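Undergrad: This is target.cif, which holds mmCIF, C-alpha atoms:
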data_upload
#
loop_
_atom_site.group_PDB
_atom_site.id
_atom_site.type_symbol
_atom_site.label_atom_id
_atom_site.label_comp_id
_atom_site.auth_asym_id
_atom_site.auth_seq_id
_atom_site.Cartn_x
_atom_site.Cartn_y
_atom_site.Cartn_z
ATOM 1 C CA MET A 15 42.154 48.092 81.745
ATOM 2 C CA THR A 16 44.708 46.961 84.279
ATOM 3 C CA ALA A 17 44.017 46.652 87.968
ATOM 4 C CA ARG A 18 46.414 49.507 88.618
ATOM 5 C CA THR A 19 44.606 51.778 86.158
ATOM 6 C CA GLN A 20 41.292 50.890 87.786
ATOM 7 C CA ALA A 21 42.702 51.660 91.223
ATOM 8 C CA VAL A 22 44.041 55.022 90.051
ATOM 9 C CA ARG A 23 40.697 55.925 88.515
ATOM 10 C CA ALA A 24 38.840 54.835 91.629
ATOM 11 C CA ARG A 25 41.115 56.971 93.839
ATOM 12 C CA ARG A 26 40.662 59.947 91.523
ATOM 13 C CA THR A 27 36.879 59.523 91.545
ATOM 14 C CA ARG A 28 36.826 59.226 95.348
ATOM 15 C CA ALA A 29 38.946 62.373 95.632
ATOM 16 C CA GLN A 30 36.556 64.283 93.384
ATOM 17 C CA LEU A 31 33.552 63.048 95.343
ATOM 18 C CA LEU A 32 35.204 64.056 98.589
ATOM 19 C CA ASP A 33 35.748 67.549 97.181
ATOM 20 C CA VAL A 34 32.053 67.805 96.310
ATOM 21 C CA LEU A 35 30.970 66.511 99.711
ATOM 22 C CA THR A 36 33.396 68.799 101.522
ATOM 23 C CA THR A 37 32.018 71.806 99.659
ATOM 24 C CA ARG A 38 28.459 70.789 100.525
ATOM 25 C CA LEU A 39 29.342 70.232 104.190
ATOM 26 C CA ASP A 40 31.152 73.581 104.324
ATOM 27 C CA THR A 41 28.007 75.229 102.974
ATOM 28 C CA ILE A 42 25.912 73.572 105.667
ATOM 29 C CA ALA A 43 28.456 74.463 108.360
ATOM 30 C CA ALA A 44 28.430 78.103 107.201
ATOM 31 C CA GLY A 45 24.816 78.342 108.245
ATOM 32 C CA ARG A 46 23.061 77.781 104.942
ATOM 33 C CA PRO A 47 21.187 74.681 105.925
ATOM 34 C CA GLU A 48 20.702 72.939 102.659
ATOM 35 C CA PRO A 49 20.049 69.342 103.565
ATOM 36 C CA LEU A 50 22.036 66.685 101.824
ATOM 37 C CA THR A 51 20.200 64.914 99.076
ATOM 38 C CA PRO A 52 19.689 61.185 99.579
ATOM 39 C CA ALA A 53 22.377 60.541 96.953
ATOM 40 C CA GLU A 54 24.833 62.853 98.751
ATOM 41 C CA ALA A 55 24.051 61.263 102.109
ATOM 42 C CA ALA A 56 24.578 57.792 100.638
ATOM 43 C CA LEU A 57 27.837 58.952 99.085
ATOM 44 C CA LEU A 58 29.007 60.428 102.362
ATOM 45 C CA ALA A 59 28.174 57.216 104.219
ATOM 46 C CA GLU A 60 29.954 55.144 101.571
ATOM 47 C CA THR A 61 32.995 57.407 101.753
ATOM 48 C CA ILE A 62 33.168 57.175 105.531
ATOM 49 C CA ARG A 63 32.887 53.373 105.376
ATOM 50 C CA ALA A 64 35.647 53.245 102.747
ATOM 51 C CA HIS A 65 37.931 55.415 104.886
ATOM 52 C CA ARG A 66 37.234 53.275 107.934
ATOM 53 C CA ALA A 67 38.015 50.108 105.959
ATOM 54 C CA GLU A 68 41.229 51.652 104.642
ATOM 55 C CA ALA A 69 42.263 52.684 108.158
ATOM 56 C CA ASP A 70 41.625 49.129 109.366
ATOM 57 C CA ARG A 71 43.678 47.718 106.470
ATOM 58 C CA VAL A 72 46.556 50.073 107.245
ATOM 59 C CA ALA A 73 46.432 49.072 110.910
ATOM 60 C CA ARG A 74 46.566 45.364 109.964
ATOM 61 C CA ASP A 75 49.447 46.018 107.569
ATOM 62 C CA ARG A 76 51.301 47.960 110.245
ATOM 63 C CA HIS A 77 50.837 45.127 112.731
ATOM 64 C CA GLY A 78 51.993 42.584 110.161
ATOM 65 C CA LEU A 79 55.092 44.643 109.416
ATOM 66 C CA ALA A 80 55.867 44.935 113.133
ATOM 67 C CA VAL A 81 55.608 41.154 113.539
ATOM 68 C CA ALA A 82 57.805 40.571 110.473
ATOM 69 C CA ARG A 83 60.361 43.042 111.803
ATOM 70 C CA ALA A 84 60.456 41.265 115.169
ATOM 71 C CA VAL A 85 61.009 37.928 113.404
ATOM 72 C CA ASP A 86 63.810 39.443 111.318
ATOM 73 C CA ILE A 87 65.456 40.860 114.444
ATOM 74 C CA GLU A 88 65.363 37.442 116.110
ATOM 75 C CA LYS A 89 66.854 35.805 113.003
ATOM 76 C CA ARG A 90 69.623 38.413 112.910
ATOM 77 C CA LYS A 91 70.395 37.846 116.602
ATOM 78 C CA ALA A 92 70.553 34.078 116.037
ATOM 79 C CA ALA A 93 72.837 34.552 113.024
ATOM 80 C CA GLU A 94 75.116 36.877 115.000
ATOM 81 C CA ALA A 95 75.287 34.349 117.850
ATOM 82 C CA ALA A 96 76.162 31.579 115.375
ATOM 83 C CA ILE A 97 78.890 33.753 113.844
ATOM 84 C CA ARG A 98 80.345 34.524 117.284
ATOM 85 C CA GLU A 99 80.329 30.808 118.117
ATOM 86 C CA LEU A 100 82.065 29.934 114.855
ATOM 87 C CA GLU A 101 84.612 32.696 115.377
ATOM 88 C CA GLY A 102 85.323 31.279 118.848
ATOM 89 C CA ASP A 103 85.693 27.763 117.416
ATOM 90 C CA LEU A 104 88.000 29.105 114.700
ATOM 91 C CA ALA A 105 90.130 30.936 117.256
ATOM 92 C CA ALA A 106 90.374 27.770 119.383
ATOM 93 C CA LEU A 107 91.312 25.737 116.325
ATOM 94 C CA ARG A 108 94.037 28.240 115.405
ATOM 95 C CA LEU A 109 95.364 28.129 118.968
ATOM 96 C CA THR A 110 95.428 24.316 118.905
ATOM 97 C CA THR A 111 97.102 24.277 115.493
ATOM 98 C CA THR A 112 99.715 26.802 116.636
ATOM 99 C CA LYS A 113 100.545 24.732 119.759
ATOM 100 C CA GLU A 114 100.902 21.548 117.726
ATOM 101 C CA ASN A 115 103.421 23.161 115.385
#
Any chance you could put this one into structure tokens?
TA:
Amino acid sequence: MTARTQAVRARRTRAQLLDVLTTRLDTIAAGRPEPLTPAEAALLAETIRAHRAEADRVARDRHGLAVARAVDIEKRKAAEAAIRELEGDLAALRLTTTKEN
């Protein structure tokens, strides 16, 4: 089984578990106080930790992308400045060549 297949299965399983937990929590919220079983409570805690970890990972990725974008912008600005300088040198060279002829 490939890593991608495992990831897809894991996401599908988590989604199913979230559906079950959501139904149970809705039942409790509706006023039918059926306490969570220890297994359900453990699953809920695990799910919350997984979502928190995923949110942290997304935040780190977002920060990394912002830093990479800033670096790319600076590189583009430097390249544009170098092009302008070369265009100025080329124009000066053309002017010098024209005067010599």
Undergrad: Take CA of Arg74 in chain A and CA of Gln30 in chain A and report the distance between them in Å, one decimal.
TA: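 Calculated distance between CA of Arg74 in chain A and CA of Gln30 in chain A is 27.1 Å.
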Undergrad: What is the CA of Ala64 in chain A to CA of Gly78 in chain A distance in Å?
TA: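 These two atoms are separated by 20.9 Å.
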Undergrad: Just checking: using all atoms listed in the file, which residue out of A:Ala69, A:Ile97, A:Ala59, A:Ala106 ends up closest to Leu35 in chain A?
TA: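 Checking each candidate against Leu35 in chain A, we get A:Ala59 as the closest.
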Undergrad: Skip Thr61 in chain A itself and residues of its chain fewer than 6 positions away, then list as a list of chain:residue names all residues within 9 Å of it, counting all atoms listed in the file.
TA: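 The neighbour list is A:Arg28, A:Leu31, A:Leu32.
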Undergrad: Show me, as AutoDock Vina command-line options, the centre and edge lengths in Å to one decimal of the axis-aligned box that covers every listed atom of range 97-104 of chain A with 6 Å on each side.
TA:
--center_x 83.4 --center_y 31.1 --center_z 116.3 --size_x 21.1 --size_y 18.8 --size_z 17.0
Undergrad: Any chance you could work out the residue set of the PyMOL selection byres ((chain A and resi 58) around 12) here, as a PyMOL selection string?
TA: chain A and resi 28+31-36+38-39+50-57+59-65
Undergrad: What gap, in Å, lies between CA of Leu107 in chain A and CA of Lys91 in chain A?
TA: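 Pair CA of Leu107 in chain A / CA of Lys91 in chain A returns 24.2 Å.
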